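Data block for data29.cif (mmCIF, C-alpha atoms and all ligand atoms):
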```cif
data_coords
#
loop_
_atom_site.label_atom_id
_atom_site.label_comp_id
_atom_site.auth_asym_id
_atom_site.auth_seq_id
_atom_site.Cartn_x
_atom_site.Cartn_y
_atom_site.Cartn_z
CA MET A 1 0.00 0.00 0.00
CA SER A 2 1.28 3.50 -0.84
CA ALA A 3 2.30 5.74 2.07
CA VAL A 4 1.48 8.85 0.00
CA ARG A 5 -1.28 10.95 1.58
CA THR A 6 -4.33 10.88 -0.71
CA ASP A 7 -6.54 13.34 1.21
CA SER A 8 -6.88 16.81 -0.28
CA LYS A 9 -6.42 18.64 3.04
CA ARG A 10 -3.96 21.51 2.75
CA ILE A 11 -0.60 21.01 4.43
CA THR A 12 0.23 23.72 6.96
CA THR A 13 3.14 24.30 9.31
CA HIS A 14 0.94 22.65 11.99
CA THR A 15 0.48 19.56 9.80
CA LEU A 16 4.27 19.21 9.64
CA GLN A 17 4.49 19.46 13.42
CA GLU A 18 1.80 16.76 13.75
CA MET A 19 3.68 14.58 11.28
CA LYS A 20 6.84 14.82 13.41
CA SER A 21 4.86 13.93 16.54
CA LYS A 22 3.37 10.87 14.83
CA GLY A 23 6.68 9.82 13.29
CA GLU A 24 5.29 10.33 9.77
CA LYS A 25 8.09 11.40 7.41
CA ILE A 26 7.78 14.68 5.50
CA SER A 27 8.43 14.80 1.74
CA MET A 28 9.77 18.01 0.21
CA LEU A 29 10.98 18.84 -3.31
CA THR A 30 11.96 21.98 -5.16
CA ALA A 31 9.68 23.63 -7.74
CA TYR A 32 10.22 26.76 -9.77
CA ASP A 33 7.41 26.78 -12.34
CA PHE A 34 3.67 26.21 -12.74
CA SER A 35 3.71 22.98 -14.80
CA MET A 36 6.14 21.06 -12.62
CA ALA A 37 4.54 22.35 -9.40
CA SER A 38 1.09 21.04 -10.47
CA ILE A 39 2.53 17.58 -11.16
CA LEU A 40 4.36 17.47 -7.81
CA ASP A 41 1.35 18.78 -5.89
CA GLU A 42 -0.98 16.21 -7.51
CA ALA A 43 1.56 13.46 -6.84
CA GLY A 44 1.23 14.14 -3.10
CA ILE A 45 4.35 16.06 -2.14
CA ASP A 46 3.99 17.67 1.31
CA VAL A 47 6.21 20.74 0.89
CA LEU A 48 7.29 22.55 -2.27
CA LEU A 49 10.44 24.61 -1.88
CA VAL A 50 10.94 27.44 -4.32
CA GLY A 51 14.67 27.13 -3.75
CA ASP A 52 17.29 29.62 -4.79
CA SER A 53 18.75 26.55 -6.55
CA ALA A 54 16.63 28.03 -9.38
CA SER A 55 19.77 30.11 -9.91
CA ASN A 56 21.63 26.91 -10.94
CA VAL A 57 18.84 24.77 -12.36
CA MET A 58 16.71 27.34 -14.19
CA ALA A 59 19.20 30.10 -14.98
CA GLY A 60 22.44 28.10 -15.39
CA HIS A 61 24.51 30.08 -12.86
CA GLU A 62 27.36 28.31 -11.10
CA THR A 63 26.11 29.32 -7.62
CA THR A 64 22.88 30.44 -5.93
CA LEU A 65 24.27 33.94 -5.32
CA PRO A 66 23.13 35.79 -8.49
CA ILE A 67 19.37 35.12 -8.23
CA THR A 68 17.41 38.25 -7.26
CA LEU A 69 14.39 38.84 -5.04
CA ASP A 70 12.32 39.77 -8.12
CA GLN A 71 13.30 36.51 -9.81
CA MET A 72 12.41 34.48 -6.68
CA ILE A 73 9.05 36.24 -6.61
CA TYR A 74 8.46 35.32 -10.28
CA HIS A 75 9.22 31.63 -9.53
CA GLY A 76 7.27 31.67 -6.25
CA SER A 77 4.09 33.12 -7.73
CA SER A 78 4.22 30.60 -10.63
CA VAL A 79 4.41 27.72 -8.13
CA VAL A 80 1.67 29.08 -5.85
CA ARG A 81 -0.75 29.36 -8.82
CA ALA A 82 -0.32 25.61 -9.39
CA ILE A 83 -0.83 24.14 -5.95
CA LYS A 84 -3.95 22.82 -4.25
CA ARG A 85 -2.49 21.02 -1.28
CA SER A 86 1.27 21.43 -0.67
CA LEU A 87 2.86 23.95 1.68
CA VAL A 88 4.94 26.42 -0.36
CA VAL A 89 8.20 27.77 1.10
CA VAL A 90 10.24 30.39 -0.79
CA ASP A 91 13.97 30.98 -0.25
CA LEU A 92 15.03 34.49 0.66
CA PRO A 93 17.87 34.99 -1.86
CA PHE A 94 21.42 36.07 -1.08
CA GLY A 95 21.62 39.80 -0.40
CA SER A 96 17.94 40.20 0.50
CA TYR A 97 18.28 39.66 4.27
CA GLN A 98 21.91 39.76 5.39
CA GLY A 99 22.15 43.58 5.60
CA ASN A 100 19.87 44.23 8.56
CA SER A 101 16.57 43.10 10.03
CA SER A 102 14.52 45.89 8.37
CA GLU A 103 15.76 44.84 4.95
CA ALA A 104 15.08 41.20 5.84
CA LEU A 105 11.52 41.99 6.90
CA ARG A 106 10.90 44.02 3.71
CA SER A 107 12.12 41.11 1.59
CA ALA A 108 10.00 38.55 3.46
CA ILE A 109 6.92 40.75 3.19
CA ARG A 110 7.44 41.15 -0.57
CA ILE A 111 7.67 37.38 -0.93
CA MET A 112 4.50 36.77 1.08
CA LYS A 113 2.48 39.55 -0.62
CA GLU A 114 3.63 39.05 -4.19
CA THR A 115 3.78 35.23 -4.36
CA GLY A 116 1.06 34.04 -1.98
CA ALA A 117 3.54 31.53 -0.50
CA HIS A 118 3.12 30.21 3.04
CA ALA A 119 6.62 30.64 4.48
CA VAL A 120 10.19 31.73 3.77
CA LYS A 121 13.48 29.91 4.23
CA MET A 122 16.72 31.55 5.37
CA GLU A 123 20.29 30.25 5.60
CA GLY A 124 22.23 30.72 8.85
CA GLY A 125 22.04 30.66 12.63
CA ALA A 126 23.02 33.16 15.34
CA GLU A 127 24.30 35.70 12.80
CA ILE A 128 20.79 36.22 11.34
CA LYS A 129 18.86 35.82 14.61
CA ASP A 130 17.56 39.44 14.67
CA SER A 131 16.20 39.17 11.15
CA ILE A 132 14.49 35.85 11.89
CA ILE A 133 12.84 37.27 15.02
CA ARG A 134 11.68 40.40 13.14
CA ILE A 135 10.17 38.34 10.31
CA LEU A 136 8.50 35.91 12.72
CA SER A 137 7.01 38.77 14.73
CA ALA A 138 5.36 40.02 11.53
CA GLY A 139 3.55 36.67 11.36
CA VAL A 140 5.66 35.11 8.61
CA PRO A 141 6.66 31.46 9.24
CA VAL A 142 10.38 30.85 8.85
CA MET A 143 12.20 27.63 7.93
CA GLY A 144 15.88 27.62 8.92
CA HIS A 145 18.75 26.11 6.91
CA LEU A 146 22.03 24.94 8.46
CA GLY A 147 25.04 22.82 7.48
CA LEU A 148 26.13 23.32 3.89
CA THR A 149 24.46 26.65 3.17
CA PRO A 150 25.15 27.32 -0.54
CA GLN A 151 24.85 31.12 -0.18
CA SER A 152 28.12 30.91 1.83
CA ILE A 153 29.97 28.82 -0.75
CA TYR A 154 32.77 31.35 -1.12
CA LYS A 155 33.34 31.22 2.65
CA PHE A 156 33.43 27.39 2.64
CA GLY A 157 35.36 27.17 -0.65
CA THR A 158 33.94 23.70 -1.37
CA TYR A 159 30.62 21.80 -1.47
CA THR A 160 31.98 19.06 0.79
CA VAL A 161 30.25 17.69 3.93
CA ARG A 162 30.02 20.26 6.76
CA ALA A 163 30.27 19.90 10.55
CA LYS A 164 32.55 16.85 10.56
CA GLU A 165 34.76 18.51 13.18
CA GLU A 166 33.60 18.95 16.78
CA GLU A 167 33.72 22.76 16.79
CA GLU A 168 31.51 23.15 13.73
CA ALA A 169 29.19 20.36 14.91
CA ASN A 170 28.75 22.11 18.29
CA LYS A 171 28.01 25.44 16.59
CA LEU A 172 25.45 23.72 14.32
CA MET A 173 23.69 22.16 17.32
CA GLU A 174 23.63 25.53 19.15
CA ASP A 175 22.26 27.24 16.03
CA ALA A 176 19.57 24.58 15.59
CA LEU A 177 18.42 25.01 19.21
CA LEU A 178 18.47 28.80 18.75
CA LEU A 179 16.35 28.64 15.57
CA GLU A 180 13.78 26.52 17.41
CA GLN A 181 13.83 28.92 20.37
CA CYS A 182 13.30 31.90 18.03
CA GLY A 183 10.18 30.22 16.63
CA CYS A 184 11.22 28.69 13.29
CA PHE A 185 8.68 26.01 12.30
CA SER A 186 11.25 23.70 10.73
CA ILE A 187 14.92 23.41 9.77
CA VAL A 188 16.72 22.07 6.71
CA LEU A 189 20.05 20.35 7.39
CA GLU A 190 22.22 20.05 4.30
CA LYS A 191 25.16 17.67 3.81
CA ILE A 192 26.20 16.91 7.37
CA PRO A 193 27.06 13.57 9.05
CA SER A 194 24.05 11.35 9.62
CA ARG A 195 24.92 10.92 13.33
CA LEU A 196 24.83 14.69 13.94
CA ALA A 197 21.56 15.09 12.00
CA LYS A 198 20.02 12.32 14.13
CA GLU A 199 21.09 14.11 17.31
CA VAL A 200 19.66 17.45 16.12
CA SER A 201 16.39 15.85 15.07
CA SER A 202 15.98 14.09 18.43
CA LYS A 203 16.81 17.22 20.46
CA LEU A 204 14.44 19.49 18.51
CA ASN A 205 10.67 19.49 18.76
CA ILE A 206 10.26 21.08 15.32
CA PRO A 207 10.64 18.99 12.13
CA VAL A 208 14.14 18.61 10.69
CA ILE A 209 14.29 18.04 6.93
CA GLY A 210 17.52 16.61 5.52
CA ILE A 211 19.36 16.70 2.21
CA GLY A 212 22.48 14.56 2.40
CA ALA A 213 21.89 14.32 6.16
CA GLY A 214 20.96 10.62 6.35
CA PRO A 215 17.74 8.79 7.24
CA HIS A 216 17.32 9.73 10.93
CA VAL A 217 15.58 13.07 10.38
CA ASP A 218 11.90 13.97 10.07
CA GLY A 219 11.80 14.43 6.32
CA GLN A 220 13.79 14.60 3.11
CA VAL A 221 14.26 17.23 0.41
CA LEU A 222 15.88 16.94 -3.02
CA VAL A 223 16.16 19.18 -6.04
CA THR A 224 13.45 17.87 -8.39
CA HIS A 225 15.58 18.18 -11.53
CA ASP A 226 18.24 15.96 -9.87
CA LEU A 227 15.76 13.31 -8.68
CA LEU A 228 14.17 13.14 -12.15
CA GLY A 229 17.55 12.87 -13.88
CA ILE A 230 17.10 16.05 -15.92
CA THR A 231 20.41 17.39 -14.63
CA ASN A 232 22.74 14.49 -15.47
CA GLN A 233 26.14 15.83 -14.40
CA PHE A 234 25.36 16.23 -10.66
CA LYS A 235 26.00 12.92 -8.88
CA PRO A 236 26.53 13.36 -5.12
CA ARG A 237 26.28 10.25 -2.94
CA PHE A 238 23.06 11.47 -1.31
CA LEU A 239 21.16 11.73 -4.60
CA ARG A 240 18.84 8.89 -5.61
CA LYS A 241 17.69 9.26 -9.22
CA TYR A 242 14.08 8.13 -9.62
CA ALA A 243 13.98 8.65 -13.39
CA ASP A 244 16.27 9.36 -16.32
CA LEU A 245 14.38 12.20 -17.99
CA HIS A 246 17.57 13.44 -19.66
CA THR A 247 17.59 10.29 -21.82
CA ILE A 248 13.79 10.23 -22.26
CA ILE A 249 13.66 13.89 -23.37
CA THR A 250 16.71 13.50 -25.65
CA GLU A 251 15.13 10.46 -27.34
CA ALA A 252 11.77 12.21 -27.78
CA VAL A 253 13.34 15.37 -29.22
CA THR A 254 15.65 13.40 -31.54
CA HIS A 255 12.61 11.47 -32.77
CA TYR A 256 10.71 14.74 -33.39
CA VAL A 257 13.63 16.33 -35.27
CA ASP A 258 13.96 13.21 -37.40
CA ASP A 259 10.22 13.19 -38.21
CA VAL A 260 10.31 16.88 -39.21
CA LYS A 261 13.36 16.39 -41.42
CA LYS A 262 11.81 13.31 -43.08
CA LYS A 263 8.48 15.16 -43.58
CA GLN A 264 6.76 12.56 -41.36
CA PHE A 265 5.38 15.25 -39.02
CA PRO A 266 2.71 16.53 -39.26
CA SER A 267 0.58 13.96 -41.03
CA GLU A 268 -2.65 14.83 -42.86
CA SER A 269 -4.64 13.81 -39.75
CA GLU A 270 -2.64 16.29 -37.67
CA ALA A 271 -3.44 19.16 -40.05
CA TYR A 272 -6.57 21.37 -40.46
O1 LIG B 1 17.64 26.00 -2.92
C1 LIG B 1 17.44 24.79 -2.66
O2 LIG B 1 17.09 23.98 -3.53
C2 LIG B 1 17.63 24.34 -1.29
C3 LIG B 1 17.57 22.87 -1.03
C4 LIG B 1 18.75 22.20 -1.55
C5 LIG B 1 17.33 22.57 0.39
O3 LIG B 1 17.84 25.13 -0.43
#
```

Represent the supplied structure as structure tokens.
Amino acid sequence: MSAVRTDSKRITTHTLQEMKSKGEKISMLTAYDFSMASILDEAGIDVLLVGDSASNVMAGHETTLPITLDQMIYHGSSVVRAIKRSLVVVDLPFGSYQGNSSEALRSAIRIMKETGAHAVKMEGGAEIKDSIIRILSAGVPVMGHLGLTPQSIYKFGTYTVRAKEEEEANKLMEDALLLEQCGCFSIVLEKIPSRLAKEVSSKLNIPVIGIGAGPHVDGQVLVTHDLLGITNQFKPRFLRKYADLHTIITEAVTHYVDDVKKKQFPSESEAY
């Protein structure tokens, strides 16, 4: 029997909390456009993340840093128009919240007003505490993001596993507890040792969603284009490919080009 929820009840931040209490795992995927978001929503995904990974996947940038607030709003509103059931979380992009808490609040409010999304996600711990508190006090739910935070890639210098050493692991645990204390409804942990993710998830009451953080967390998130095998160069250990759309699309398009060249498309029955 499938474990996918078939009811049409909307997922809220409270639903996620209930799921953690019951031990029901949370499924989360990225979405950046209307068509893909409708498929994912109908397929039963719990949370859709309009990730700033759109900068890589949709725009072809090397990092997540170039994407703008306006561009995130464009992607966010496209996703929100598609969904009937999933909770939609939009990333606050690099440069839209690090300056000060007023700027952070303005950015979060723009996302909520102009996309219709249900929450925002922000990368970092103690260093962005004031901004998180300010946004939360305006009534905007915040999802935290710790571990490998791609907006800090030039500080890390590499996309390797984070928090392997005791000092960084201790800081991550302190940050996770702080984010919960501030009122974040959930936290993403990216590319950290499974043992540490397990410890964080068991210490926190709010749901912990992992990507490359092992199985002992409350839910999992992947970039949809990676899981579907559309992006075929990205092969980290944590990625399980559920389809090979790169091959399927290439074959379909090659077939189409061939038919056009050979005058086999369109046929008389496909014409008016
Ligand atoms: O932008 C994104 O896709 C993300 C996920 C990898 C968690 O932040």

Using all atoms listed in the file, which residues of chain A come within 6 Å of ligand LIG 1 (chain B), and what is the closest atom pair for each, with the distance in Å to one decimal? Give it as a Markdown table, sorted by chain and residue number.
```
| residue | atom | partner | partner_atom | distance |
| --- | --- | --- | --- | --- |
| A:Thr30 | CA | B:LIG1 | O2 | 5.7 |
| A:Gly51 | CA | B:LIG1 | O1 | 3.3 |
| A:Asp52 | CA | B:LIG1 | O1 | 4.1 |
| A:Ser53 | CA | B:LIG1 | O1 | 3.8 |
| A:Val223 | CA | B:LIG1 | O2 | 5.5 |
```

Using the selection just defined, write its residues with C-alpha atoms as a PDB file, keeping the file's coordinate frame.
```pdb
ATOM      1  CA  THR A  30      11.960  21.980  -5.160  1.00  0.00           C
ATOM      2  CA  GLY A  51      14.670  27.130  -3.750  1.00  0.00           C
ATOM      3  CA  ASP A  52      17.290  29.620  -4.790  1.00  0.00           C
ATOM      4  CA  SER A  53      18.750  26.550  -6.550  1.00  0.00           C
ATOM      5  CA  VAL A 223      16.160  19.180  -6.040  1.00  0.00           C
TER       6      VAL A 223
END
```

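These residues, each with an atom at most 7 Å from (8.4, 31.6, 6.2) using all atoms listed in the file, are A:Val89, A:His118, A:Ala119, A:Val120, A:Lys121, A:Val140, A:Pro141, A:Val142, A:Met143.
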
For the contact check between region 153-246 of chain A and region 12-17 of chain A, emit one row per residue of region 153-246 of chain A within 12 Å, containing the shortest atom pair and the distance in Å rounded to one decimal, counting all atoms listed in the file, chain then rising number order, as a tab-separated table.
```
residue	atom	partner	partner_atom	distance
A:Gly183	CA	A:Thr13	CA	11.8
A:Cys184	CA	A:Thr13	CA	10.0
A:Phe185	CA	A:Thr13	CA	6.5
A:Ser186	CA	A:Thr13	CA	8.3
A:Ile187	CA	A:Leu16	CA	11.4
A:Leu204	CA	A:Gln17	CA	11.2
A:Asn205	CA	A:Gln17	CA	8.2
A:Ile206	CA	A:Gln17	CA	6.3
A:Pro207	CA	A:Gln17	CA	6.3
A:Val208	CA	A:Leu16	CA	9.9
A:Ile209	CA	A:Leu16	CA	10.4
A:Asp218	CA	A:Leu16	CA	9.3
A:Gly219	CA	A:Leu16	CA	9.5
```

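Residue nearest Asp46 (chain A) within the list A:Leu92, A:Leu196, A:Val221, A:Ala59: A:Val221 [criterion: smallest interatomic distance, only C-alpha atoms].
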
Separating CA of Ile133 (chain A) from CA of Leu172 (chain A), to the nearest tenth of an Å, is a gap of 18.5 Å

Can you find the residues with an atom no farther than 7 Å from (10.1, 26.8, -3.9), counting all atoms listed in the file, and report them as JSON, numbers by chain?
-> {"A": [30, 31, 32, 48, 49, 50, 51, 76, 88, 89, 90, 91]}

Neighbours of Ile132 (chain A) within 9 Å (only C-alpha atoms; same-chain residues fewer than 5 positions away dropped), as an MDAnalysis selection string?
-> chainID A and resid 101 104:105 122 137 142 144 179 182:184

Any chance you could export the current selection's C-alpha atoms as a PDB file, in the frame of the given file?
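Writing done, so here's out-v7.pdb:
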```
ATOM      1  CA  SER A 101      16.570  43.100  10.030  1.00  0.00           C
ATOM      2  CA  ALA A 104      15.080  41.200   5.840  1.00  0.00           C
ATOM      3  CA  LEU A 105      11.520  41.990   6.900  1.00  0.00           C
ATOM      4  CA  MET A 122      16.720  31.550   5.370  1.00  0.00           C
ATOM      5  CA  SER A 137       7.010  38.770  14.730  1.00  0.00           C
ATOM      6  CA  VAL A 142      10.380  30.850   8.850  1.00  0.00           C
ATOM      7  CA  GLY A 144      15.880  27.620   8.920  1.00  0.00           C
ATOM      8  CA  LEU A 179      16.350  28.640  15.570  1.00  0.00           C
ATOM      9  CA  CYS A 182      13.300  31.900  18.030  1.00  0.00           C
ATOM     10  CA  GLY A 183      10.180  30.220  16.630  1.00  0.00           C
ATOM     11  CA  CYS A 184      11.220  28.690  13.290  1.00  0.00           C
TER      12      CYS A 184
END
```

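Relative to CA of Gly124 (chain A), CA of Glu199 (chain A) is found at 18.7 Å.
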
Can you pull out the residues contacting Ala197 (chain A)? Cut-off 8 Å, using all atoms listed in the file, and skip same-chain residues under 2 positions away; I want them as a short mmCIF file (atom, residue, chain, number, x, y, z; two decimals) with C-alpha atoms, keeping the file's coordinate frame.
```cif
data_model
loop_
_atom_site.label_atom_id
_atom_site.label_comp_id
_atom_site.auth_asym_id
_atom_site.auth_seq_id
_atom_site.Cartn_x
_atom_site.Cartn_y
_atom_site.Cartn_z
CA LEU A 189 20.05 20.35 7.39
CA ILE A 192 26.20 16.91 7.37
CA PRO A 193 27.06 13.57 9.05
CA SER A 194 24.05 11.35 9.62
CA ARG A 195 24.92 10.92 13.33
CA GLU A 199 21.09 14.11 17.31
CA VAL A 200 19.66 17.45 16.12
CA SER A 201 16.39 15.85 15.07
CA GLY A 210 17.52 16.61 5.52
CA ALA A 213 21.89 14.32 6.16
CA GLY A 214 20.96 10.62 6.35
CA HIS A 216 17.32 9.73 10.93
CA VAL A 217 15.58 13.07 10.38
#
```

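Relative to CA of Met112 (chain A), CA of Ile135 (chain A) is found at 10.9 Å.
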
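Nearest residue to Asp70 (chain A), choosing from A:Gly139, A:Lys84, A:Glu174, A:Ser107 and counting only C-alpha atoms: A:Ser107.
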
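Closest approach to Leu239 (chain A) from the set A:Lys113, A:Lys22, A:Lys155, A:Lys191 is made by A:Lys191, with distances taken over only C-alpha atoms.
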
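Summary of the local environment: counting all atoms listed in the file, residues at most 8 Å from Val80 (chain A), other than itself and those fewer than 2 positions away along its chain, are Phe34, Gly76, Ser77, Ser78, Ala82, Ile83, Val88, Thr115, Gly116 and Ala117 of chain A.
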